[in-house]
file start-v2.txt (compact mmCIF, C-alpha atoms and all ligand atoms)
# COMPACT_ATOMS: atom_id res chain seq x y z
CA MET A 151 -180.77 -124.05 23.55
CA LYS A 152 -182.51 -127.08 25.01
CA ASN A 153 -185.87 -126.80 26.66
CA LEU A 154 -184.66 -126.95 30.27
CA ALA A 155 -188.19 -126.60 31.61
CA ARG A 156 -189.08 -129.87 29.94
CA GLU A 157 -185.87 -131.60 31.00
CA LEU A 158 -185.95 -130.59 34.64
CA ILE A 159 -189.64 -130.82 35.50
CA VAL A 160 -190.81 -133.55 37.85
CA THR A 161 -193.65 -135.06 35.88
CA PRO A 162 -196.72 -135.42 38.10
CA ASP A 163 -196.96 -138.93 39.56
CA SER A 164 -193.43 -139.88 38.44
CA LYS A 165 -191.13 -141.68 40.82
CA ALA A 166 -188.65 -138.79 41.32
CA LYS A 167 -185.43 -140.51 42.41
CA LEU A 168 -182.80 -137.95 43.32
CA SER A 169 -180.02 -140.53 43.02
CA ASP A 170 -180.81 -140.70 39.28
CA ILE A 171 -179.97 -137.01 38.95
CA ASP A 172 -176.40 -135.72 38.72
CA PRO A 173 -176.13 -132.48 40.73
CA ALA A 174 -173.20 -131.41 38.54
CA ASP A 175 -175.11 -131.92 35.27
CA THR A 176 -175.17 -128.95 32.90
CA HIS A 177 -177.41 -130.49 30.26
CA GLY A 178 -174.93 -129.90 27.46
CA VAL A 179 -174.63 -126.17 28.08
CA ASN A 180 -171.16 -124.68 28.51
CA LYS A 181 -170.35 -121.93 30.95
CA ALA A 182 -169.75 -119.16 28.43
CA MET A 183 -173.01 -119.93 26.65
CA GLY A 184 -174.80 -120.19 29.99
CA ARG A 185 -173.55 -116.82 31.19
CA GLU A 186 -174.54 -115.10 27.98
CA ARG A 187 -177.96 -116.69 28.02
CA LEU A 188 -178.51 -115.70 31.67
CA GLU A 189 -177.83 -112.09 30.79
CA ARG A 190 -180.35 -112.21 27.98
CA ASN A 191 -182.88 -113.95 30.23
CA CYS A 192 -182.57 -111.27 32.90
CA GLU A 193 -183.36 -108.62 30.31
CA ARG A 194 -186.39 -110.59 29.11
CA LEU A 195 -187.51 -111.19 32.68
CA SER A 196 -187.51 -107.49 33.33
CA VAL A 197 -189.77 -106.93 30.30
CA MET A 198 -192.13 -109.73 31.35
CA GLN A 199 -192.26 -108.45 34.90
CA TYR A 200 -193.28 -105.03 33.61
CA LEU A 201 -196.13 -106.66 31.69
CA LEU A 202 -197.28 -108.67 34.71
CA TYR A 203 -197.22 -105.51 36.80
CA ALA A 204 -199.12 -103.49 34.21
CA GLU A 205 -201.76 -106.19 33.78
CA ALA A 206 -202.15 -106.48 37.58
CA ARG A 207 -204.53 -109.42 37.35
CA ARG A 208 -202.27 -112.36 38.08
CA SER A 209 -199.18 -113.09 40.12
CA LEU A 210 -196.28 -115.50 40.05
CA LEU A 211 -195.05 -117.41 43.06
CA VAL A 212 -191.54 -118.85 42.94
CA VAL A 213 -190.76 -121.37 45.68
CA LEU A 214 -187.11 -122.18 46.46
CA GLN A 215 -186.13 -125.14 48.56
CA GLY A 216 -182.78 -126.80 49.07
CA ILE A 217 -180.40 -128.05 51.68
CA ASP A 218 -178.18 -125.60 53.63
CA ALA A 219 -175.68 -123.96 51.25
CA GLY A 220 -177.79 -125.17 48.32
CA GLY A 221 -177.78 -121.68 46.81
CA LYS A 222 -181.19 -120.23 47.56
CA ASP A 223 -179.85 -116.76 48.37
CA GLY A 224 -177.49 -116.73 45.40
CA THR A 225 -180.30 -117.70 43.04
CA ILE A 226 -182.48 -114.86 44.25
CA LYS A 227 -179.63 -112.39 43.86
CA HIS A 228 -178.65 -113.46 40.35
CA VAL A 229 -181.95 -114.30 38.75
CA MET A 230 -184.02 -111.46 40.13
CA SER A 231 -181.36 -108.77 39.75
CA GLY A 232 -182.89 -107.18 36.67
CA MET A 233 -186.33 -106.82 38.15
CA ASN A 234 -188.01 -103.72 39.39
CA PRO A 235 -188.06 -103.98 43.21
CA GLN A 236 -191.55 -102.46 43.26
CA GLY A 237 -192.92 -105.55 41.61
CA VAL A 238 -191.17 -108.20 43.68
CA SER A 239 -191.54 -109.54 47.19
CA VAL A 240 -189.11 -111.90 48.87
CA ASN A 241 -190.02 -113.86 51.98
CA ALA A 242 -187.61 -116.04 53.94
CA PHE A 243 -189.32 -118.55 56.19
CA LYS A 244 -187.50 -119.34 59.42
CA VAL A 245 -188.42 -121.36 62.50
CA PRO A 246 -191.99 -120.22 63.26
CA GLU A 247 -192.30 -117.85 66.17
CA GLY A 248 -194.87 -115.62 67.87
CA ALA A 249 -198.13 -115.36 65.97
CA GLU A 250 -196.85 -117.89 63.41
CA LYS A 251 -196.71 -120.55 66.10
CA ARG A 252 -200.22 -119.72 67.23
CA HIS A 253 -201.70 -120.51 63.79
CA ASP A 254 -201.85 -123.37 61.36
CA TYR A 255 -198.70 -123.83 59.28
CA LEU A 256 -200.17 -122.31 56.12
CA TRP A 257 -201.24 -119.07 57.78
CA ARG A 258 -197.93 -117.23 57.43
CA VAL A 259 -197.47 -118.58 53.94
CA HIS A 260 -200.84 -117.47 52.65
CA GLN A 261 -200.20 -113.94 53.89
CA ALA A 262 -196.97 -113.82 51.93
CA VAL A 263 -198.50 -114.87 48.60
CA PRO A 264 -197.72 -112.10 46.07
CA GLU A 265 -200.51 -109.73 45.23
CA TYR A 266 -201.73 -109.58 41.65
CA GLY A 267 -199.18 -107.95 39.38
CA LYS A 268 -196.23 -109.10 41.44
CA ILE A 269 -193.65 -111.83 41.58
CA GLY A 270 -193.22 -113.37 45.00
CA ILE A 271 -190.20 -115.41 45.96
CA PHE A 272 -190.25 -117.84 48.86
CA ASN A 273 -186.83 -118.60 50.33
CA ARG A 274 -188.01 -121.82 52.01
CA SER A 275 -191.73 -122.25 52.30
CA HIS A 276 -194.63 -124.35 53.58
CA TYR A 277 -192.60 -127.35 52.38
CA GLU A 278 -190.46 -127.00 55.50
CA ASP A 279 -193.50 -128.44 57.25
CA VAL A 280 -192.97 -131.76 55.46
CA LEU A 281 -189.15 -131.48 55.46
CA VAL A 282 -187.49 -130.26 58.66
CA VAL A 283 -190.64 -131.11 60.61
CA ARG A 284 -190.60 -134.66 59.27
CA VAL A 285 -186.85 -135.19 59.58
CA HIS A 286 -186.76 -134.01 63.20
CA GLY A 287 -190.14 -135.30 64.27
CA LEU A 288 -191.27 -131.77 65.22
CA ALA A 289 -194.82 -133.01 64.66
CA PRO A 290 -196.04 -136.61 64.72
CA LYS A 291 -196.31 -138.52 61.46
CA SER A 292 -200.10 -138.51 61.77
CA VAL A 293 -199.89 -134.70 61.44
CA TRP A 294 -197.23 -134.13 58.76
CA SER A 295 -198.33 -137.01 56.54
CA LYS A 296 -201.66 -135.27 55.90
CA ARG A 297 -199.90 -132.13 54.75
CA TYR A 298 -199.01 -133.33 51.24
CA ASP A 299 -202.68 -133.37 50.30
CA GLN A 300 -203.36 -130.15 52.19
CA ILE A 301 -200.54 -128.42 50.34
CA ASN A 302 -201.84 -129.65 46.99
CA ASP A 303 -205.31 -128.33 47.86
CA PHE A 304 -203.86 -124.99 48.97
CA GLU A 305 -201.78 -124.60 45.83
CA ARG A 306 -204.70 -125.60 43.61
CA MET A 307 -206.83 -122.95 45.28
CA LEU A 308 -204.13 -120.34 44.60
CA ALA A 309 -203.74 -121.47 40.99
CA ASP A 310 -207.51 -121.27 40.47
CA ASN A 311 -207.30 -117.72 41.75
CA ASP A 312 -204.67 -116.54 39.28
CA VAL A 313 -201.48 -117.26 41.18
CA ARG A 314 -199.03 -119.11 38.96
CA ILE A 315 -196.70 -121.34 40.93
CA VAL A 316 -193.28 -122.78 40.11
CA LYS A 317 -191.20 -124.65 42.61
CA PHE A 318 -187.47 -125.31 42.51
CA LEU A 319 -185.47 -127.81 44.48
CA LEU A 320 -181.82 -126.75 44.30
CA TYR A 321 -179.99 -130.03 44.38
CA ILE A 322 -176.31 -130.17 45.38
CA SER A 323 -174.13 -133.15 46.31
CA LYS A 324 -172.96 -133.79 49.84
CA GLU A 325 -169.36 -133.07 48.72
CA GLU A 326 -170.40 -129.74 47.26
CA GLN A 327 -172.06 -128.82 50.54
CA ALA A 328 -168.82 -129.63 52.39
CA LYS A 329 -166.89 -127.44 49.95
CA ARG A 330 -169.26 -124.53 50.51
CA PHE A 331 -169.14 -124.92 54.30
CA ARG A 332 -165.33 -124.85 54.08
CA GLU A 333 -165.53 -121.64 52.07
CA ARG A 334 -167.70 -120.15 54.76
CA LEU A 335 -165.02 -120.97 57.30
CA GLU A 336 -162.08 -119.76 55.22
CA ASP A 337 -163.43 -116.68 53.51
CA LYS A 338 -163.78 -113.76 55.96
CA SER A 339 -166.61 -112.28 53.94
CA LYS A 340 -168.53 -115.55 54.28
CA ASN A 341 -167.85 -116.28 57.97
CA TRP A 342 -171.19 -114.75 58.95
CA LYS A 343 -173.03 -117.38 56.95
CA PHE A 344 -171.54 -120.21 58.92
CA SER A 345 -173.72 -121.85 61.52
CA MET A 346 -173.13 -124.89 63.74
CA ALA A 347 -176.73 -125.86 63.08
CA ASP A 348 -175.82 -126.47 59.43
CA ILE A 349 -173.14 -129.00 60.46
CA LYS A 350 -175.68 -130.73 62.67
CA GLU A 351 -178.26 -130.83 59.87
CA ARG A 352 -175.69 -132.39 57.55
CA GLU A 353 -175.88 -135.56 59.65
CA TYR A 354 -179.47 -135.93 58.51
CA TRP A 355 -178.58 -135.77 54.81
CA ASP A 356 -180.17 -139.11 53.87
CA GLN A 357 -183.36 -138.35 55.75
CA TYR A 358 -183.61 -135.03 53.93
CA MET A 359 -183.16 -136.74 50.57
CA GLU A 360 -186.00 -139.13 51.44
CA ALA A 361 -188.21 -136.26 52.53
CA TYR A 362 -187.41 -134.35 49.31
CA GLU A 363 -188.31 -137.36 47.22
CA GLU A 364 -191.67 -137.80 48.84
CA MET A 365 -192.36 -134.08 48.48
CA LEU A 366 -191.50 -134.28 44.76
CA ARG A 367 -193.55 -137.42 44.20
CA ARG A 368 -196.63 -136.17 45.97
CA CYS A 369 -196.64 -132.44 45.33
CA SER A 370 -195.48 -131.95 41.75
CA THR A 371 -198.78 -131.15 40.10
CA GLU A 372 -199.80 -129.76 36.78
CA LYS A 373 -200.75 -126.43 38.33
CA ALA A 374 -197.76 -126.23 40.65
CA PRO A 375 -194.87 -128.26 39.24
CA TRP A 376 -191.58 -129.00 40.94
CA TYR A 377 -188.33 -128.67 39.04
CA VAL A 378 -185.13 -130.29 40.30
CA ILE A 379 -182.20 -128.02 39.48
CA PRO A 380 -178.72 -129.59 39.39
CA ALA A 381 -177.06 -126.90 41.47
CA ASN A 382 -173.41 -127.83 42.00
CA ARG A 383 -172.51 -125.35 39.25
CA LYS A 384 -173.83 -122.00 40.29
CA TRP A 385 -173.90 -120.63 36.76
CA PHE A 386 -176.04 -123.54 35.57
CA ARG A 387 -178.39 -123.22 38.53
CA ASN A 388 -178.92 -119.53 37.75
CA LEU A 389 -179.39 -120.22 34.09
CA ALA A 390 -181.89 -123.05 34.63
CA VAL A 391 -184.02 -121.11 37.11
CA SER A 392 -184.04 -118.05 34.86
CA GLU A 393 -185.05 -120.15 31.84
CA ILE A 394 -187.94 -121.74 33.67
CA VAL A 395 -189.25 -118.56 35.29
CA LEU A 396 -189.07 -116.86 31.91
CA HIS A 397 -190.73 -119.80 30.16
CA THR A 398 -193.54 -119.66 32.74
CA LEU A 399 -194.11 -115.92 32.31
CA GLU A 400 -194.00 -116.23 28.52
CA GLY A 401 -196.65 -118.93 28.71
CA MET A 402 -199.04 -116.61 30.54
CA ASP A 403 -199.93 -114.57 27.48
CA LEU A 404 -199.49 -111.29 29.34
CA LYS A 405 -200.89 -108.18 27.74
CA PHE A 406 -200.91 -104.52 28.55
CA PRO A 407 -204.37 -103.52 29.74
CA LYS A 408 -206.34 -101.15 27.55
CA ALA A 409 -206.15 -97.47 28.41
CA THR A 410 -208.85 -96.50 30.89
CA VAL A 411 -209.87 -93.43 28.92
CA ASP A 412 -210.32 -92.58 25.25
CA LEU A 413 -206.88 -91.25 24.36
CA SER A 414 -207.79 -89.75 21.02
CA GLY A 415 -208.08 -86.03 20.90
CA ILE A 416 -206.81 -85.40 24.41
CA GLN A 417 -205.30 -81.95 24.65
CA PHE A 418 -203.57 -80.04 27.38
CA GLU A 419 -201.26 -77.10 27.74
P1 LIG B 1 -181.92 -120.17 57.02
O1 LIG B 1 -182.78 -120.34 55.83
O2 LIG B 1 -180.55 -120.73 56.86
O3 LIG B 1 -181.93 -118.79 57.55
O4 LIG B 1 -182.54 -121.09 58.20
C1 LIG B 1 -183.87 -121.06 58.53
C2 LIG B 1 -184.16 -122.28 59.38
O5 LIG B 1 -185.54 -122.27 59.73
C3 LIG B 1 -183.89 -123.59 58.68
O6 LIG B 1 -183.13 -124.44 59.49
C4 LIG B 1 -185.28 -124.15 58.46
O7 LIG B 1 -185.31 -125.55 58.45
C5 LIG B 1 -186.03 -123.57 59.62
N1 LIG B 1 -187.48 -123.56 59.38
C6 LIG B 1 -188.14 -122.95 58.37
N2 LIG B 1 -189.46 -123.23 58.43
C7 LIG B 1 -189.63 -124.04 59.50
C8 LIG B 1 -190.76 -124.67 60.06
N3 LIG B 1 -191.99 -124.52 59.54
N4 LIG B 1 -190.58 -125.43 61.15
C9 LIG B 1 -189.34 -125.58 61.68
N5 LIG B 1 -188.23 -125.01 61.19
C10 LIG B 1 -188.36 -124.25 60.10
MG MG B 2 -178.74 -121.64 56.75
call {"tool": "encode", "arguments": {"input": "start-v2.txt", "output": "structure tokens"}}
result
Amino acid sequence: MKNLARELIVTPDSKAKLSDIDPADTHGVNKAMGRERLERNCERLSVMQYLLYAEARRSLLVVLQGIDAGGKDGTIKHVMSGMNPQGVSVNAFKVPEGAEKRHDYLWRVHQAVPEYGKIGIFNRSHYEDVLVVRVHGLAPKSVWSKRYDQINDFERMLADNDVRIVKFLLYISKEEQAKRFRERLEDKSKNWKFSMADIKEREYWDQYMEAYEEMLRRCSTEKAPWYVIPANRKWFRNLAVSEIVLHTLEGMDLKFPKATVDLSGIQFE
């Protein structure tokens, strides 16, 4: 099996051109192999999660971004399915409202950072504040353009305080998005997912791609790298994300903490 983490990472300070990436790429893996490997990864992830939870000193933050119908929900469902719900938190970030609107854009995000011992998944994130906000001019350029550096500072602070961060951009083609929208219209069980807003957003495809590229160029850092996941094939997307999350956890050298009492000679009836 290839090292997908190495193949899919956006190297810090690289030029990150999305048009150079094929969203249907499967990096030489075939579907049967991919499915089998995903199953094995989910088992390993469950073991690693148990270790992280037992150690309770560090956490892992998984950020998912992607265009509408890019597969963020599906990824969460398939990759996290083997995990113990007690050790996972999932936060979906929507249009800010209420108290969120009365604070700086990182306020709601910081509160959702997983506590030590846990894995936290962000379905959308603070990156919306340099994506949708930029594309629709929801804040002036003078405001959003400063956020790349602010985000890097914020993520560095988290990393220095034992929060590991991995970020995934699920990258599908415009045709694949159309196909998935059509499915949402045709399949009764998917009708609920359909929204007119998604059709409207589709008109801004090119602007989103530009905004993604700048995000990748400026915010893929050593401590909080971006990975671009070719996501037209759902099985490959799930496999790639599982490989990289697993690779990250395995690199953390997790260990069970020592028992808190001397266990030798303990007796009880
Ligand atoms: P969904 O993920 O499909 O439920 O949609 C959530 C919507 O909230 C998307 O259209 C996002 O672009 C939008 N959203 C998330 N965060 C922000 C933000 N900070 N500012 C404006 N819109 C946002
Ligand atoms: Mg949506």
call {"tool": "closest_residue", "arguments": {"input": "start-v2.txt", "among": "A:Ala242, A:Leu281, A:Leu319, A:Met402", "to": "ligand MG 2 (chain B)", "atoms": "all atoms listed in the file"}}
result
A:Ala242
call {"tool": "closest_atom_pairs", "arguments": {"input": "start-v2.txt", "of": "chain A", "to": "ligand MG 2 (chain B)", "cutoff": "9 Å", "atoms": "only C-alpha atoms and all ligand atoms", "output": "CSV"}}
result
residue,atom,partner,partner_atom,distance
A:Ile217,CA,B:MG2,MG,8.3
A:Asp218,CA,B:MG2,MG,5.1
A:Ala219,CA,B:MG2,MG,6.7
A:Lys343,CA,B:MG2,MG,7.1
A:Phe344,CA,B:MG2,MG,7.7
A:Ser345,CA,B:MG2,MG,6.9
A:Ala347,CA,B:MG2,MG,7.9
A:Asp348,CA,B:MG2,MG,6.2
call {"tool": "atom_distance", "arguments": {"input": "start-v2.txt", "atom1": "atom CA of A:Leu366", "atom2": "atom CA of A:Asp163"}}
result
8.9 Å
call {"tool": "atom_distance", "arguments": {"input": "start-v2.txt", "atom1": "atom CA of A:Lys165", "atom2": "atom CA of A:Asp356"}}
result
17.2 Å
call {"tool": "closest_residue", "arguments": {"input": "start-v2.txt", "among": "A:Glu157, A:Glu363, A:Asp299, A:Glu247", "to": "ligand LIG 1 (chain B)", "atoms": "only C-alpha atoms and all ligand atoms"}}
result
A:Glu247
call {"tool": "closest_residue", "arguments": {"input": "start-v2.txt", "among": "A:Arg194, A:His253, A:Lys317, A:Arg367", "to": "ligand LIG 1 (chain B)", "atoms": "all atoms listed in the file"}}
result
A:His253
call {"tool": "atom_distance", "arguments": {"input": "start-v2.txt", "atom1": "atom CA of A:Arg334", "atom2": "atom CA of A:Thr225"}}
result
17.4 Å
call {"tool": "residues_near_ligand", "arguments": {"input": "start-v2.txt", "ligand": "ligand LIG 1 (chain B)", "cutoff": "7 Å", "atoms": "only C-alpha atoms and all ligand atoms", "output": "VMD selection string"}}
result
chain A and resid 218 242 to 246 255 274 to 276 278 to 279 282 to 283
call {"tool": "residues_around", "arguments": {"input": "start-v2.txt", "residues": "A:Val313", "least_positions_apart": "4", "cutoff": "10 Å", "atoms": "all atoms listed in the file", "output": "number ranges by chain"}}
result
A: 207-211, 263-270, 305-309, 373-374
call {"tool": "closest_residue", "arguments": {"input": "start-v2.txt", "among": "A:Arg314, A:Arg258, A:Arg387, A:His397", "to": "A:Pro173", "atoms": "only C-alpha atoms"}}
result
A:Arg387
call {"tool": "residues_near_point", "arguments": {"input": "start-v2.txt", "point": "(-183.8, -120.8, 32.3)", "cutoff": "9 Å", "atoms": "all atoms listed in the file", "output": "list of chain:residue names"}}
result
A:Asn153, A:Leu154, A:Ala155, A:Arg187, A:Leu188, A:Asn191, A:Phe386, A:Arg387, A:Asn388, A:Leu389, A:Ala390, A:Val391, A:Ser392, A:Glu393, A:Ile394, A:Val395, A:Leu396, A:His397
call {"tool": "closest_residue", "arguments": {"input": "start-v2.txt", "among": "A:Asn382, A:Ser323, A:Gln300, A:Ser339", "to": "A:Leu256", "atoms": "all atoms listed in the file"}}
result
A:Gln300
call {"tool": "closest_residue", "arguments": {"input": "start-v2.txt", "among": "A:Ala174, A:Ser239, A:Ile416, A:Ser295", "to": "A:Glu325", "atoms": "all atoms listed in the file"}}
result
A:Ala174
call {"tool": "decode", "arguments": {"input": "start-v2.txt", "residues": "stretch 358-369 of chain A", "atoms": "all heavy atoms", "output": "compact mmCIF listing (two decimals), in the first residue's frame"}}
result
# COMPACT_ATOMS: atom_id res chain seq x y z
N TYR A 358 -14.96 29.50 -5.65
CA TYR A 358 -14.63 28.58 -4.55
C TYR A 358 -13.28 27.91 -4.77
O TYR A 358 -12.48 27.76 -3.85
CB TYR A 358 -15.73 27.53 -4.35
CG TYR A 358 -16.79 27.99 -3.37
CD1 TYR A 358 -18.04 28.40 -3.82
CD2 TYR A 358 -16.53 28.05 -2.01
CE1 TYR A 358 -19.01 28.85 -2.93
CE2 TYR A 358 -17.49 28.51 -1.11
CZ TYR A 358 -18.73 28.90 -1.58
OH TYR A 358 -19.67 29.36 -0.69
N MET A 359 -13.02 27.50 -6.01
CA MET A 359 -11.74 26.82 -6.29
C MET A 359 -10.57 27.77 -5.99
O MET A 359 -9.56 27.37 -5.42
CB MET A 359 -11.67 26.32 -7.73
CG MET A 359 -12.69 25.23 -8.07
SD MET A 359 -12.63 23.79 -6.97
CE MET A 359 -14.34 23.69 -6.44
N GLU A 360 -10.74 29.03 -6.36
CA GLU A 360 -9.69 30.02 -6.07
C GLU A 360 -9.51 30.19 -4.57
O GLU A 360 -8.38 30.27 -4.08
CB GLU A 360 -10.13 31.38 -6.62
CG GLU A 360 -9.40 31.83 -7.86
CD GLU A 360 -10.04 33.11 -8.40
OE1 GLU A 360 -10.09 34.11 -7.67
OE2 GLU A 360 -10.52 33.06 -9.55
N ALA A 361 -10.62 30.27 -3.87
CA ALA A 361 -10.55 30.45 -2.41
C ALA A 361 -9.92 29.21 -1.75
O ALA A 361 -9.12 29.34 -0.82
CB ALA A 361 -11.95 30.70 -1.85
N TYR A 362 -10.24 28.02 -2.26
CA TYR A 362 -9.62 26.80 -1.72
C TYR A 362 -8.11 26.84 -1.94
O TYR A 362 -7.33 26.50 -1.06
CB TYR A 362 -10.17 25.55 -2.41
CG TYR A 362 -11.56 25.13 -2.00
CD1 TYR A 362 -12.48 24.70 -2.95
CD2 TYR A 362 -11.95 25.14 -0.66
CE1 TYR A 362 -13.77 24.31 -2.58
CE2 TYR A 362 -13.25 24.75 -0.29
CZ TYR A 362 -14.14 24.34 -1.26
OH TYR A 362 -15.41 23.96 -0.90
N GLU A 363 -7.71 27.25 -3.13
CA GLU A 363 -6.28 27.26 -3.43
C GLU A 363 -5.51 28.21 -2.52
O GLU A 363 -4.44 27.88 -2.03
CB GLU A 363 -6.04 27.59 -4.91
CG GLU A 363 -6.40 26.41 -5.80
CD GLU A 363 -6.16 26.66 -7.27
OE1 GLU A 363 -5.96 27.83 -7.67
OE2 GLU A 363 -6.16 25.67 -8.04
N GLU A 364 -6.09 29.35 -2.28
CA GLU A 364 -5.37 30.28 -1.40
C GLU A 364 -5.31 29.73 0.03
O GLU A 364 -4.29 29.82 0.72
CB GLU A 364 -5.99 31.68 -1.40
CG GLU A 364 -5.17 32.62 -0.51
CD GLU A 364 -5.19 34.08 -0.90
OE1 GLU A 364 -6.01 34.46 -1.76
OE2 GLU A 364 -4.37 34.83 -0.33
N MET A 365 -6.40 29.12 0.46
CA MET A 365 -6.44 28.49 1.78
C MET A 365 -5.35 27.41 1.90
O MET A 365 -4.62 27.33 2.89
CB MET A 365 -7.83 27.88 1.97
CG MET A 365 -7.99 26.93 3.12
SD MET A 365 -9.56 26.04 2.99
CE MET A 365 -9.08 24.60 2.05
N LEU A 366 -5.23 26.59 0.84
CA LEU A 366 -4.23 25.51 0.86
C LEU A 366 -2.82 26.09 0.86
O LEU A 366 -1.94 25.61 1.58
CB LEU A 366 -4.40 24.60 -0.35
CG LEU A 366 -5.71 23.82 -0.45
CD1 LEU A 366 -5.83 23.16 -1.83
CD2 LEU A 366 -5.82 22.76 0.65
N ARG A 367 -2.60 27.09 0.03
CA ARG A 367 -1.27 27.69 -0.08
C ARG A 367 -0.84 28.34 1.21
O ARG A 367 0.30 28.23 1.62
CB ARG A 367 -1.27 28.78 -1.16
CG ARG A 367 -0.97 28.29 -2.55
CD ARG A 367 -0.54 29.43 -3.45
NE ARG A 367 -1.60 30.40 -3.67
CZ ARG A 367 -2.52 30.30 -4.65
NH1 ARG A 367 -2.48 29.27 -5.48
NH2 ARG A 367 -3.44 31.21 -4.80
N ARG A 368 -1.77 29.02 1.86
CA ARG A 368 -1.38 29.83 3.01
C ARG A 368 -1.52 29.12 4.35
O ARG A 368 -0.88 29.52 5.31
CB ARG A 368 -2.17 31.14 3.01
CG ARG A 368 -1.85 31.92 1.74
CD ARG A 368 -2.36 33.32 1.75
NE ARG A 368 -1.87 34.12 2.86
CZ ARG A 368 -2.28 35.35 3.09
NH1 ARG A 368 -3.16 35.92 2.29
NH2 ARG A 368 -1.79 36.03 4.12
N CYS A 369 -2.34 28.10 4.41
CA CYS A 369 -2.63 27.51 5.72
C CYS A 369 -2.27 26.03 5.83
O CYS A 369 -2.70 25.36 6.78
CB CYS A 369 -4.09 27.72 6.09
SG CYS A 369 -4.53 29.46 6.24
